[in-house]
Amino acid sequence: MDYEAVIGMEVHVEINSKSKVFCSCPTDFHAPPNTNVCPICLGMPGALPVLNRDMVNKSIAVGLALGCKISRWSKMDRKNYFYPDLAKNYQISQYDLPLCDNGALEIEVDGGSKRIGITRAHMEEDTARNTHALGGGQSGIDFNRSGVPLLEIVTEPDIRSAREAHAYLTALKQILQYLDVSDCNMEEGSLRAEANISLRPKGHAEFGVKTEVKNVASFSGVQKAIEFEIARQEQILRSGGVIIQETRGWDADRGITFSQRKKESAHDYRYFPEPDLPPIVVDDAWEQRIRHQLPELPMARKQRLEAQYGLSGYDAHVITLSRNFADYYEKVVASGADPKKAANWLTVELQALLSEAKAEITACRVAPDALAALLKLIDTGEINGKIAKEVLAEMFTSGQSPDSIVQEKGLNQISDTGAIEDAVKQVIGASPNQVAQYKEGKEKVFGYFVGQVMKATQGKGNPQLVNEILRRELGR
Ligand SMILES: [Zn+2]
């Protein structure tokens with residue numbers, strides 16, 4: 001019997017609003033513990049929450065970008081449970097009437113595309129943060145995170161593999177970054193993904209018992225955790241065992257999931273409407289206002305770059321992975337660079353420098369018009385491509401303009417025929433064996449001569465001239 005995996009994702013996104021969702025405390029992640037707090041986010045009895053409008057605006061933007069219906073009337077509810085990081089003994093969330101529902105996200109996977117249904121996106125508050133790393137058997141709690149605006153985005157069980165889950169998370173993060181509603185920093189917990197995984201015999205409509213994998217720190221971790229969980233469940237089912245519905249953690253070092261606790265059902269939480277907050281009424285005008293402010297989304301931008309600049313699907317994909325990267329690219333082109341060459345230098349050479357420095361394009365010292373100027377130096381024959389790479393590396397560290405680097409270091413390409421002829425004659429004179437081989441018809445030796453001449457000109461020889469003069473002087 002063949003099994004099929006059925007996977008749904010729940011993603012919690014911390015929305016980058018300046019203040020918390022129900023009070024005016026700042027949301028700064030780096031503040032010292034328990035400094036961004038007030039009676040409301042400390043859960044003091046009698047403190048009254050007020051909903052943050054910016055949170056609602058940004059949640060509507062996410063909903064619209066995911067093709068959701070925005071509810072004209074929704075409400076907040078209390079989700080009751082006890083845990084040390086939840087001082088009120090309930091979390092304010094949304095239960096049966098979420099702000100956004102019934103959307104979809106198109107993902108690209110294995111060369112095709114697939115639609116993943118979005119069940120809902122609802123607003124809630126983050127909890128405080130427990131830490132057990134204080135030493136001496138002591139634990140601490142930091143209420144700075146308590147009340148940070150959180151949007152939970154839930155998919156339909158449409159995902160069938162760990163790779164699809166990874167593609168979904170990548171596409172979702174891309175949209176959130178384009179909307180500029182979250183920094184999506186997984187290490188700081190701004191984006192947290194959980195996966196529900198079950199197996200069923202292929203062709204069956206009924207779902208199997210699911211487990212939920214939580215607290216995974218990276219997208220690749222989520223992919224590995226799902227792969228592990230599919231294999232674990234399949235082994236249990238094949239040997240006649242039963243799957244227990246539970247929450248499982250992910251041990252990244254050992255590459256395994258492990259049982260954490262039995263999963264509660266909705267009725268365990270005793271949801272009821274939050275009596276301290278009025279319902280949220282979003283009229284047509286409000287929704288339209290947010291819709292008009294939406295930026296061009298990743299998929300649309302990718303298609304436009306392909307059409308407008310003649311980019312390959314791959315280049316357009318790489319460039320539009322981040323909005324800042326795409327903005328940078330379009331600035332380089334606007335500064336007069338050839339679109340395809342700009343794409344190539346950006347996705348290969350500049351990207352390599354950024355990766356090595358672990359830097360974001362926004363912190364890059366190479367200004368878009370400076371990159372365009374560098375490409376122009378290649379086009380006009382002032383420097384060759386090899387030297388240009390060195391110049392770019394120098395621009396990347398010093399922030400200098402390409403012209404001043406080329407002048408200061410004397411990197412101008414040698415296009416003086418006489419100088420190249422001298423170098424060619426020298427190399428030929430010093431390599432009698434290679435000359436003999438070449439004359440016998442060993443074409444491969446030609447590359448040796450080119451290398452030697454470039455070496456003699458410190459890499460600055462005009463490659464085309466070097467080739468021409470070598471051919472002429474070597475004869476056959
Ligand atoms: Zn507060």
# chains A, B, ... in the order shown; residues from 1 in each chain; ligands from 1
$ residues_near_ligand --ligand "ligand 1" --cutoff "6 Å" --atoms "only C-alpha atoms and all ligand atoms" --output "list of chain:residue names"
A:Cys23, A:Ser24, A:Cys25, A:Val37, A:Cys38, A:Ile40, A:Cys41
$ closest_atom_pairs --of "segment 14-122 of chain A" --to "segment 179-188 of chain A" --cutoff "8 Å" --atoms "only C-alpha atoms" --output "tab-separated table"
residue	atom	partner	partner_atom	distance
A:Glu14	CA	A:Ser182	CA	6.2
A:Ile15	CA	A:Ser182	CA	4.9
A:Asn16	CA	A:Ser182	CA	4.8
A:Ser17	CA	A:Val181	CA	7.7
A:Phe29	CA	A:Glu188	CA	7.8
A:Lys58	CA	A:Val181	CA	6.1
A:Ala61	CA	A:Leu179	CA	7.4
A:Val62	CA	A:Leu179	CA	7.4
$ write_last_selection --atoms "N, CA and C atoms" --output "mmCIF file, in the first residue's frame"
data_model
loop_
_atom_site.group_PDB
_atom_site.id
_atom_site.type_symbol
_atom_site.label_atom_id
_atom_site.label_comp_id
_atom_site.auth_asym_id
_atom_site.auth_seq_id
_atom_site.Cartn_x
_atom_site.Cartn_y
_atom_site.Cartn_z
ATOM 1 N N GLU A 14 5.000 37.915 13.674
ATOM 2 C CA GLU A 14 4.970 39.129 14.487
ATOM 3 C C GLU A 14 4.888 40.321 13.544
ATOM 4 N N ILE A 15 3.822 41.094 13.660
ATOM 5 C CA ILE A 15 3.622 42.254 12.798
ATOM 6 C C ILE A 15 4.471 43.411 13.340
ATOM 7 N N ASN A 16 5.163 44.110 12.431
ATOM 8 C CA ASN A 16 6.151 45.113 12.847
ATOM 9 C C ASN A 16 5.535 46.468 13.212
ATOM 10 N N SER A 17 4.468 46.419 13.966
ATOM 11 C CA SER A 17 3.862 47.665 14.434
ATOM 12 C C SER A 17 4.753 48.250 15.532
ATOM 13 N N PHE A 29 12.551 44.475 19.980
ATOM 14 C CA PHE A 29 13.013 43.144 20.392
ATOM 15 C C PHE A 29 14.248 43.220 21.283
ATOM 16 N N LYS A 58 -2.400 46.292 8.692
ATOM 17 C CA LYS A 58 -1.400 45.371 8.133
ATOM 18 C C LYS A 58 -1.984 43.970 7.951
ATOM 19 N N ALA A 61 -3.922 43.991 4.829
ATOM 20 C CA ALA A 61 -3.016 43.958 3.668
ATOM 21 C C ALA A 61 -2.565 42.521 3.385
ATOM 22 N N VAL A 62 -2.202 41.785 4.453
ATOM 23 C CA VAL A 62 -1.784 40.391 4.257
ATOM 24 C C VAL A 62 -2.954 39.589 3.685
#
$ closest_residue --among "A:Val222, A:Val391, A:Ile153, A:Ala65" --to "His166 of chain A" --atoms "only C-alpha atoms"
A:Val222
$ residues_around --residues "segment 230-243 of chain A" --least-positions-apart "3" --cutoff "10 Å" --atoms "only C-alpha atoms" --output "number ranges by chain"
A: 1-7, 161-162, 197-201, 208-211, 224-227, 246, 256-257
$ select_by_dssp --residues "segment 12-139 of chain A" --states "strand (DSSP E or B)" --output "ChimeraX atom specification"
/A:12-14,19,26,69-70,73-74,77-80,90-93,100-109,112-125,129-131
$ atom_distance --atom1 "atom CA of Val450 of chain A" --atom2 "atom CA of Ile405 of chain A"
25.4 Å
$ closest_residue --among "A:Val148, A:Lys88, A:Val333, A:Ile361" --to "Ala47 of chain A" --atoms "only C-alpha atoms"
A:Lys88
$ residues_around --residues "Tyr328 of chain A" --least-positions-apart "2" --cutoff "9 Å" --atoms "only C-alpha atoms" --output "MDAnalysis selection string"
chainID A and resid 323:326 330:333 361:362 367:368
$ write_last_selection --atoms "C-alpha atoms" --output "PDB file, in the first residue's frame"
ATOM      1  CA  ARG A 323      11.774  43.382  -2.752  1.00  0.00           C
ATOM      2  CA  ASN A 324      14.944  45.308  -1.851  1.00  0.00           C
ATOM      3  CA  PHE A 325      16.977  43.240  -4.290  1.00  0.00           C
ATOM      4  CA  ALA A 326      14.425  43.865  -7.066  1.00  0.00           C
ATOM      5  CA  GLU A 330      15.652  48.307 -11.319  1.00  0.00           C
ATOM      6  CA  LYS A 331      17.786  51.232 -10.125  1.00  0.00           C
ATOM      7  CA  VAL A 332      20.867  49.750 -11.837  1.00  0.00           C
ATOM      8  CA  VAL A 333      18.894  49.449 -15.088  1.00  0.00           C
ATOM      9  CA  ILE A 361      21.541  44.426  -0.288  1.00  0.00           C
ATOM     10  CA  THR A 362      20.259  47.410   1.727  1.00  0.00           C
ATOM     11  CA  ALA A 367      25.379  52.126  -5.112  1.00  0.00           C
ATOM     12  CA  PRO A 368      23.169  51.055  -8.052  1.00  0.00           C
TER      13      PRO A 368
END
$ select_by_dssp --residues "segment 205-379 of chain A" --states "alpha helix (DSSP H)" --output "PyMOL selection string"
chain A and resi 219-238+284-293+298-309+313-320+323-334+339-344+351-357+368-379
$ write_last_selection --atoms "C-alpha atoms" --output "PDB file, in the first residue's frame"
ATOM      1  CA  PHE A 219      12.574  26.648   6.795  1.00  0.00           C
ATOM      2  CA  SER A 220      15.080  23.901   6.021  1.00  0.00           C
ATOM      3  CA  GLY A 221      14.460  22.607   9.554  1.00  0.00           C
ATOM      4  CA  VAL A 222      10.721  22.490   8.848  1.00  0.00           C
ATOM      5  CA  GLN A 223      11.391  20.561   5.647  1.00  0.00           C
ATOM      6  CA  LYS A 224      13.601  18.036   7.460  1.00  0.00           C
ATOM      7  CA  ALA A 225      11.156  17.698  10.371  1.00  0.00           C
ATOM      8  CA  ILE A 226       8.307  16.923   7.946  1.00  0.00           C
ATOM      9  CA  GLU A 227      10.434  14.394   6.060  1.00  0.00           C
ATOM     10  CA  PHE A 228      11.282  12.708   9.348  1.00  0.00           C
ATOM     11  CA  GLU A 229       7.671  12.740  10.535  1.00  0.00           C
ATOM     12  CA  ILE A 230       6.362  11.235   7.276  1.00  0.00           C
ATOM     13  CA  ALA A 231       8.906   8.408   7.536  1.00  0.00           C
ATOM     14  CA  ARG A 232       8.151   7.841  11.244  1.00  0.00           C
ATOM     15  CA  GLN A 233       4.390   7.676  10.728  1.00  0.00           C
ATOM     16  CA  GLU A 234       4.715   5.409   7.706  1.00  0.00           C
ATOM     17  CA  GLN A 235       6.841   2.970   9.694  1.00  0.00           C
ATOM     18  CA  ILE A 236       4.271   2.891  12.520  1.00  0.00           C
ATOM     19  CA  LEU A 237       1.350   2.395  10.126  1.00  0.00           C
ATOM     20  CA  ARG A 238       3.122  -0.357   8.160  1.00  0.00           C
ATOM     21  CA  ASP A 284     -15.726  48.814   1.808  1.00  0.00           C
ATOM     22  CA  ALA A 285     -13.909  52.153   1.974  1.00  0.00           C
ATOM     23  CA  TRP A 286     -11.404  50.858   4.545  1.00  0.00           C
ATOM     24  CA  GLU A 287     -10.690  47.725   2.526  1.00  0.00           C
ATOM     25  CA  GLN A 288     -10.305  49.769  -0.692  1.00  0.00           C
ATOM     26  CA  ARG A 289      -7.895  52.170   0.984  1.00  0.00           C
ATOM     27  CA  ILE A 290      -5.599  49.287   1.970  1.00  0.00           C
ATOM     28  CA  ARG A 291      -5.989  47.627  -1.435  1.00  0.00           C
ATOM     29  CA  HIS A 292      -4.798  50.797  -3.185  1.00  0.00           C
ATOM     30  CA  GLN A 293      -1.711  50.932  -0.969  1.00  0.00           C
ATOM     31  CA  PRO A 298       6.344  39.105  -6.038  1.00  0.00           C
ATOM     32  CA  MET A 299       4.613  37.000  -8.705  1.00  0.00           C
ATOM     33  CA  ALA A 300       3.418  40.081 -10.645  1.00  0.00           C
ATOM     34  CA  ARG A 301       6.820  41.715 -10.402  1.00  0.00           C
ATOM     35  CA  LYS A 302       8.574  38.578 -11.638  1.00  0.00           C
ATOM     36  CA  GLN A 303       6.312  38.425 -14.690  1.00  0.00           C
ATOM     37  CA  ARG A 304       6.804  42.137 -15.374  1.00  0.00           C
ATOM     38  CA  LEU A 305      10.620  41.869 -15.183  1.00  0.00           C
ATOM     39  CA  GLU A 306      10.535  38.999 -17.677  1.00  0.00           C
ATOM     40  CA  ALA A 307       8.362  40.993 -20.089  1.00  0.00           C
ATOM     41  CA  GLN A 308       9.939  44.418 -19.623  1.00  0.00           C
ATOM     42  CA  TYR A 309      13.636  43.476 -19.571  1.00  0.00           C
ATOM     43  CA  GLY A 313      12.355  33.090 -15.632  1.00  0.00           C
ATOM     44  CA  TYR A 314      15.249  32.011 -13.426  1.00  0.00           C
ATOM     45  CA  ASP A 315      16.905  35.456 -13.296  1.00  0.00           C
ATOM     46  CA  ALA A 316      13.560  37.163 -12.663  1.00  0.00           C
ATOM     47  CA  HIS A 317      12.872  34.664  -9.877  1.00  0.00           C
ATOM     48  CA  VAL A 318      16.218  35.239  -8.159  1.00  0.00           C
ATOM     49  CA  ILE A 319      15.962  39.024  -8.474  1.00  0.00           C
ATOM     50  CA  THR A 320      12.413  39.217  -7.099  1.00  0.00           C
ATOM     51  CA  ARG A 323      11.774  43.382  -2.752  1.00  0.00           C
ATOM     52  CA  ASN A 324      14.944  45.308  -1.851  1.00  0.00           C
ATOM     53  CA  PHE A 325      16.977  43.240  -4.290  1.00  0.00           C
ATOM     54  CA  ALA A 326      14.425  43.865  -7.066  1.00  0.00           C
ATOM     55  CA  ASP A 327      14.382  47.597  -6.240  1.00  0.00           C
ATOM     56  CA  TYR A 328      18.182  47.647  -6.465  1.00  0.00           C
ATOM     57  CA  TYR A 329      18.118  45.858  -9.810  1.00  0.00           C
ATOM     58  CA  GLU A 330      15.652  48.307 -11.319  1.00  0.00           C
ATOM     59  CA  LYS A 331      17.786  51.232 -10.125  1.00  0.00           C
ATOM     60  CA  VAL A 332      20.867  49.750 -11.837  1.00  0.00           C
ATOM     61  CA  VAL A 333      18.894  49.449 -15.088  1.00  0.00           C
ATOM     62  CA  ALA A 334      17.466  52.962 -14.669  1.00  0.00           C
ATOM     63  CA  PRO A 339      19.157  44.756 -18.270  1.00  0.00           C
ATOM     64  CA  LYS A 340      20.560  41.281 -18.960  1.00  0.00           C
ATOM     65  CA  LYS A 341      24.142  42.166 -18.059  1.00  0.00           C
ATOM     66  CA  ALA A 342      22.907  43.925 -14.915  1.00  0.00           C
ATOM     67  CA  ALA A 343      20.931  40.803 -13.955  1.00  0.00           C
ATOM     68  CA  ASN A 344      23.981  38.647 -14.484  1.00  0.00           C
ATOM     69  CA  GLN A 351      25.304  38.138  -4.712  1.00  0.00           C
ATOM     70  CA  ALA A 352      28.493  36.162  -4.038  1.00  0.00           C
ATOM     71  CA  LEU A 353      30.057  39.153  -2.269  1.00  0.00           C
ATOM     72  CA  LEU A 354      26.879  39.694  -0.224  1.00  0.00           C
ATOM     73  CA  SER A 355      26.687  36.033   0.790  1.00  0.00           C
ATOM     74  CA  GLU A 356      30.328  35.963   1.800  1.00  0.00           C
ATOM     75  CA  ALA A 357      29.895  39.089   3.931  1.00  0.00           C
ATOM     76  CA  PRO A 368      23.169  51.055  -8.052  1.00  0.00           C
ATOM     77  CA  ASP A 369      24.535  53.830 -10.293  1.00  0.00           C
ATOM     78  CA  ALA A 370      28.110  52.790  -9.398  1.00  0.00           C
ATOM     79  CA  LEU A 371      27.386  49.241 -10.563  1.00  0.00           C
ATOM     80  CA  ALA A 372      25.942  50.669 -13.781  1.00  0.00           C
ATOM     81  CA  ALA A 373      29.120  52.762 -14.197  1.00  0.00           C
ATOM     82  CA  LEU A 374      31.248  49.627 -13.759  1.00  0.00           C
ATOM     83  CA  LEU A 375      29.309  47.827 -16.494  1.00  0.00           C
ATOM     84  CA  LYS A 376      29.841  50.835 -18.750  1.00  0.00           C
ATOM     85  CA  LEU A 377      33.626  50.573 -18.265  1.00  0.00           C
ATOM     86  CA  ILE A 378      33.425  47.008 -19.603  1.00  0.00           C
ATOM     87  CA  ASP A 379      31.240  48.046 -22.541  1.00  0.00           C
TER      88      ASP A 379
END
$ residues_around --residues "Leu42 of chain A" --least-positions-apart "6" --cutoff "10 Å" --atoms "only C-alpha atoms" --output "JSON, numbers by chain"
{"A": [34, 36, 85, 86, 87, 88, 128, 143, 144, 146, 147]}
